[in-house]
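This report concerns only the one structure given below.
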Amino acid sequence: MKLIRRAVVLLSSLLLLAGCAAAPKETAQVKDFNSGIKGQVIVANEGAASGAFVYAYDSTYNDMRVPTKNISAPCGEDGSYTLKLPPGKYYIVARRRVTGDPKGYLVKGDYEGKYVENPVVVEQGGYADVNISIAKLEGAFLLAPYLADKGNTGITGKVYNEDGSPAKGAYVLLYTDKEMIGLPLYLSKPTGKDGSYSIYLPKAGAYYVAARLKYGGIPRKGEPYGTYDKTADHLVAVGENEVITEVDVKLGPFPLDLAKPAK
């Protein structure tokens with residue numbers, strides 16, 4: 001399994017798209033701006049949201065659940081934060097994940113809140129006051145719904161543990177992005193005792209295949225993780241009314257700690 005090479009590519013892409021676990025490294029251009037937003041994040045009816053992250057987006061595309069490089073450092077114990085931004089108009093949201101990561105899918109138990117007065121205008125030489133209230137999400141917010149249990153187009157296979165035994169409770173994730181970052185397009189139901197899974201697709205296409213024992217957040221160092229390795233790029237091309245079998249994935253320890261800041 002080409003996991004280490006795959007992990008290096010994944011790490012590079014994640015850091016470029018979504019910043020680091022602490023404060024994203026500022027570019028030389030951003031350092032030239034003495035402007036941004038500052039304020040406090042609170043949990044509704046509870047108090048300061050220490051450890052939350054604040055995100056700034058150029059638009060509300062996809063409900064602001066896409067990667068952005070504009071991420072604050074974790075909020076302090078009093079919920080305070082500062083996020084340096086170039087002058088412009090931004091849509092602001094705050095999140096605190098149960099994993100503690102600044103990026104990854106939102107799942108039940110995470111917290112989220114949008115600034116009620118979006119958008120925010122940031123002017124040169126000033127910091128806009130932006131206070132945000134977040135609340136616990138009560139549903140599963142992975143934007144990759146389970147598909148039908150039967151169909152004429154799709155893939156089937158098994159997921160194995162590192163020792164070759166069937167991996168029960170694993171998820172197979174399908175991406176159209178070869179870097180396989182962010183939200184998968186499709187997600188299998190958890191594998192059974194024999195490690196088997198099936199994903200029946202609404203249309204033919206080319207999909208990059210990975211598997212994990214959980215579907216929320218970024219892969220953690222040592223976490224069981226694998227990719228389909230019968231093709232060099234982990235790609236499976238599915239034709240119309242075609243079910244490709246034996247799309248198997250073997251899990252192994254993820255070798256990198258993507259939550260650490262880049263040096």
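By convention in this document, the chains of the structure tokens carry letters A, B, ... by their order, each chain's residues are numbered from 1, and ligands are numbered from 1 in the order they are shown.
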> Quick one: residues within 10 Å of range 153-161 of chain A, only C-alpha atoms counted, chain neighbours fewer than 5 positions away excluded, as a PyMOL selection string?
Replying inline: chain A and resi 166-172+188+191-192+194-205+207+210-213+224-228+236-253
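In terms of minimum interatomic distance to Pro219 in chain A, A:Thr99 ranks closest within A:Ser59, A:Gln124, A:Thr176, A:Thr99, counting only C-alpha atoms.
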>> Residues near Tyr90 in chain A, anyone? I mean within 10 Å using only C-alpha atoms, not counting same-chain ones fewer than 5 positions away, as a list in words.
In response: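 Near neighbours after the sequence-gap exclusion: Gly36, Ile37, Tyr55, Ala56, Tyr57, Asp58, Ser59, Thr60, Leu85, Asn118, Pro119, Val120, Val121 and Val122 of chain A.
Between CA of Ala44 in chain A and CA of Lys136 in chain A lies a distance of 8.9 Å.
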> Excluding same-chain residues fewer than 5 positions from Ile42 in chain A, what lies within 9 Å of it counting only C-alpha atoms, as a VMD selection string?
Replying inline: chain A and resid 47 to 50 52 78 to 80 131 to 135
Hey, can you spit out that residue selection with N, CA and C atoms as an mmCIF file, in the first residue's frame?
```
data_model
loop_
_atom_site.group_PDB
_atom_site.id
_atom_site.type_symbol
_atom_site.label_atom_id
_atom_site.label_comp_id
_atom_site.auth_asym_id
_atom_site.auth_seq_id
_atom_site.Cartn_x
_atom_site.Cartn_y
_atom_site.Cartn_z
ATOM 1 N N GLY A 47 -21.385 29.862 28.116
ATOM 2 C CA GLY A 47 -20.258 30.735 28.395
ATOM 3 C C GLY A 47 -19.204 30.679 27.308
ATOM 4 N N ALA A 48 -17.978 31.066 27.669
ATOM 5 C CA ALA A 48 -16.892 31.182 26.703
ATOM 6 C C ALA A 48 -16.613 29.871 25.979
ATOM 7 N N ALA A 49 -16.412 29.965 24.672
ATOM 8 C CA ALA A 49 -16.155 28.778 23.841
ATOM 9 C C ALA A 49 -14.657 28.637 23.606
ATOM 10 N N SER A 50 -13.929 28.268 24.648
ATOM 11 C CA SER A 50 -12.490 28.073 24.488
ATOM 12 C C SER A 50 -12.237 26.943 23.489
ATOM 13 N N ALA A 52 -12.570 27.079 20.270
ATOM 14 C CA ALA A 52 -13.295 27.232 19.005
ATOM 15 C C ALA A 52 -12.400 27.934 17.985
ATOM 16 N N ASP A 78 -11.243 32.584 27.566
ATOM 17 C CA ASP A 78 -12.385 33.496 27.642
ATOM 18 C C ASP A 78 -13.142 33.595 26.319
ATOM 19 N N GLY A 79 -12.780 32.738 25.361
ATOM 20 C CA GLY A 79 -13.451 32.738 24.066
ATOM 21 C C GLY A 79 -12.969 33.801 23.108
ATOM 22 N N SER A 80 -11.940 34.536 23.477
ATOM 23 C CA SER A 80 -11.472 35.633 22.629
ATOM 24 C C SER A 80 -10.612 35.135 21.475
ATOM 25 N N ASN A 131 -18.628 39.295 17.521
ATOM 26 C CA ASN A 131 -18.907 38.347 18.588
ATOM 27 C C ASN A 131 -19.895 37.298 18.078
ATOM 28 N N ILE A 132 -19.624 36.024 18.349
ATOM 29 C CA ILE A 132 -20.384 34.933 17.746
ATOM 30 C C ILE A 132 -20.856 33.967 18.825
ATOM 31 N N SER A 133 -22.079 33.504 18.687
ATOM 32 C CA SER A 133 -22.632 32.477 19.568
ATOM 33 C C SER A 133 -22.731 31.164 18.798
ATOM 34 N N ILE A 134 -22.252 30.071 19.400
ATOM 35 C CA ILE A 134 -22.317 28.763 18.756
ATOM 36 C C ILE A 134 -23.201 27.823 19.575
ATOM 37 N N ALA A 135 -23.767 26.827 18.912
ATOM 38 C CA ALA A 135 -24.634 25.860 19.578
ATOM 39 C C ALA A 135 -24.319 24.465 19.065
#
```
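For range 45-192 of chain A, backbone-based DSSP assignment of helix (DSSP H, G or I) covers Tyr61, Asn62, Asp63 and Met64 of chain A.
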Would you save the residues of that selection, restricted to N, CA and C atoms, as a PDB file, in the first residue's frame?
```pdb
ATOM      1  N   TYR A  61     -21.144  30.213  -0.203  1.00  0.00           N
ATOM      2  CA  TYR A  61     -21.189  29.003  -1.020  1.00  0.00           C
ATOM      3  C   TYR A  61     -21.140  27.741  -0.155  1.00  0.00           C
ATOM      4  N   ASN A  62     -22.045  26.792  -0.446  1.00  0.00           N
ATOM      5  CA  ASN A  62     -22.110  25.494   0.248  1.00  0.00           C
ATOM      6  C   ASN A  62     -22.200  25.663   1.756  1.00  0.00           C
ATOM      7  N   ASP A  63     -22.951  26.689   2.170  1.00  0.00           N
ATOM      8  CA  ASP A  63     -23.192  26.943   3.591  1.00  0.00           C
ATOM      9  C   ASP A  63     -21.898  27.166   4.368  1.00  0.00           C
ATOM     10  N   MET A  64     -20.882  27.668   3.665  1.00  0.00           N
ATOM     11  CA  MET A  64     -19.576  27.942   4.281  1.00  0.00           C
ATOM     12  C   MET A  64     -18.953  26.698   4.894  1.00  0.00           C
TER      13      MET A  64
END
```
